[in-house]
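Each remark here refers to the structure printed beneath this line.
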Amino acid sequence: MARLPFIGRLTSRDYAALVIGGLLVSLEAVLTLIISFLPKSVIQWFYDRSRHLFHFIVGPPIPKSDEQRLTERIRRAEDFQRLCEIFGYEHEEHVVLTKDGYLLNLHRLPAKKGEQREHPGTSTGKPVVYLHHGLLMNSEVWVCLTSPERSLAFTLVELGFDVWLGNNRGNKYSKKSIHHNPNSAKFWDYSIDDFAWHDIPDSIAYILQVTKEPSLSYVGFSQGTAQAFAALSIHPPLNEKINVFIALAPAMSPAGLAASVVDSLMKASPTLVFLIFGRKSIMSSVPAWQSLLYPPVFAAFITNSLRWLFNWRCQNISPLQKLAAFSHLYSSASVKSVVHWFQIMRNGKFQMYDDDVQRVMVIRRAAKPSGVTAYAPARFPTRNIVAPIVLLYGDSDSLVDIDVMLSELPRKRVSARRLHGYEHLDVIWGENIHKDVIPHVVAALREHAVDPGRLERAVKMTNGFDADGEDVTTSSTPADTLSGYEN
């Protein structure tokens, strides 16, 4: 009798979830194809219906406040340039060719608001800081805040830093290779290994070449921290080029997901994700659904999805910030990079991608599968990191196990600070990050940056925020409710 390949690995519940998940993804693919052929009038009809339903439930729209009008401008901004223009900043774009042929777009904020530069694309003589985004994101996540004092990027620019923002291969700004077309599966055949071997070190080398600085400060968020952990562990010379590594909501070996069905499937066989999503870009239909749904409805959908998958309630992120930021949350990424995370979570090890996934053998009379494989995937040797590391993590973040993480890092080079009540996304979009997060980042940069005397002691942002950590505003405006949203 023929043997099914996953018997002994999945329970009947897992099989049911796999079938249902496959059906839902197939349905999504069909609907996405249909949406792509819909005329704008039909798309507008669906948008209007979701808008009507929202206001029927929440209440009629009211005149917009200044905050709501700003939120709407941020939400509608089509790219990084438009987001910077909203707040009066000029940016530069640079392109890095990685050693394996991918073209990465780097964004740069070299000058303070209103400051004119005579020679764009050259050294500014300022300390350099490099910001890198998380999974399924791009550089826009750093500048889509509803107030500039809560934007780490804008605050660092005003303090006197030359701010660079990276983009992973395959995302909105880096979907090009000299070898493969993005419509081919080969283009998307990359994992965290490739970010570590190429994207991070090649981007840093380019930045230092342009700025003529001996080193830079690295600030990563979520997967952006994992990429740095990996890159620093396998490139010893890279440690000399990073004077401090600040990890926001650091990710290394998460325990798992809050959604039990997804978690059990992932731990049974991470490669099942390939069966469900294919081998190219994951969740590429998100922009199509975003065009159909009224923004508050889309924001509510994202909020509930995050709660189901990760048990994040997003209560520290204001309703208006969700409207502004969630439209910039998603960017394309490879299915393989997500599978890599599932392998890490399944094995509880910050390891390189396992190309030779072995079938778990079932031994008779054994209560559990043996788990014996032909080899052990190489771990990233993170204890070899020499660069100073500063960890800023939320104690309500389901993806951070700080004790496990600290055990995998060099003790004498790491400092960790707990952010009370913070979840994962709160660390970059929270209502009070200008008080709870940014001052700690600035303090670490002042301690480790090259010649910190070049920096401003403090700077007042447009609403009176003192970037040295003091809130000098005399009053605050409560967040508007979603019922006030229109159009």
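Letters A, B, ... mark the chains of the structure tokens in the order given; residue numbers begin at 1 per chain; ligand numbers begin at 1, in order shown.
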
Range 245-377 of chain A: which residues are strand (DSSP E or B) by DSSP, as a list in words?
-> Phe245, Ile246, Ala247, Leu248, Ser281, Ser334 and Gln351 of chain A

List as a Markdown table every residue of range 55-125 of chain A that is in contact with range 175-178 of chain A, defined as an atom at most 6 Å from one of its atoms (using only C-alpha atoms), together with the nearest atom pair and the distance in Å rounded to one decimal, sorted by chain and then rising number.
| residue | atom | partner | partner_atom | distance |
| --- | --- | --- | --- | --- |
| A:Gly101 | CA | A:Ile178 | CA | 5.4 |
| A:Tyr102 | CA | A:Ser177 | CA | 4.2 |
| A:Leu103 | CA | A:Lys176 | CA | 5.6 |

Selection near Ser415 in chain A, 10 Å with only C-alpha atoms, sequence-local residues under 4 positions removed, as number ranges by chain | A: 246, 388-392, 406, 411

Considering only C-alpha atoms, return as a PyMOL selection string whatever protein or nucleic-acid residues lie within 8 Å of range 214-228 of chain A, sequence-local ones (same chain, fewer than 4 positions apart) excluded.
-> chain A and resi 127-135+192+195-196+200+208+232+240-252+424+428+445+448-450

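Proximity ranking of A:Asn181, A:Ser331, A:Ser396, A:Ser305 relative to Met137 in chain A places A:Ser331 first, based on only C-alpha atoms.
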
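The gap separating CA of Val386 in chain A from CA of Ala444 in chain A is 16.2 Å, in Å to one decimal.
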
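If you look at CA of Asn171 in chain A and CA of Ser332 in chain A, they are 4.6 Å away from each other.
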
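Picture a line from CA of Phe342 in chain A to CA of Ser284 in chain A; it runs 19.2 Å.
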
Pull the alpha helix (DSSP H) assignments for range 116-359 of chain A out of DSSP run on the backbone, and list those residues as a ChimeraX atom specification.
-> /A:152-159,192-194,200-211,223-234,260-268,272-277,286-292,295-310,319-326,335-347

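For the set A:Asp397, A:Glu90, A:Asp189, A:Asp100, the residue with the smallest atom-to-atom gap to Val157 in chain A is A:Glu90, counting only C-alpha atoms.
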
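Around Leu159 in chain A, within 6 Å and counting only C-alpha atoms, the residues found are A:Leu156, A:Leu455, A:Glu456, once anything fewer than 3 positions away on its own chain is removed.
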
Dump of N, CA, C and O atoms for the selected residues, as a compact mmCIF listing (two decimals), in the first residue's frame:
# COMPACT_ATOMS: atom_id res chain seq x y z
N LEU A 156 16.75 61.79 14.30
CA LEU A 156 18.20 61.63 14.15
C LEU A 156 18.76 62.61 13.13
O LEU A 156 19.88 63.12 13.29
N LEU A 455 27.37 66.24 16.94
CA LEU A 455 25.91 66.20 17.06
C LEU A 455 25.38 67.40 17.84
O LEU A 455 26.08 68.00 18.66
N GLU A 456 24.11 67.71 17.58
CA GLU A 456 23.42 68.71 18.37
C GLU A 456 23.18 68.14 19.77
O GLU A 456 22.95 66.95 19.94
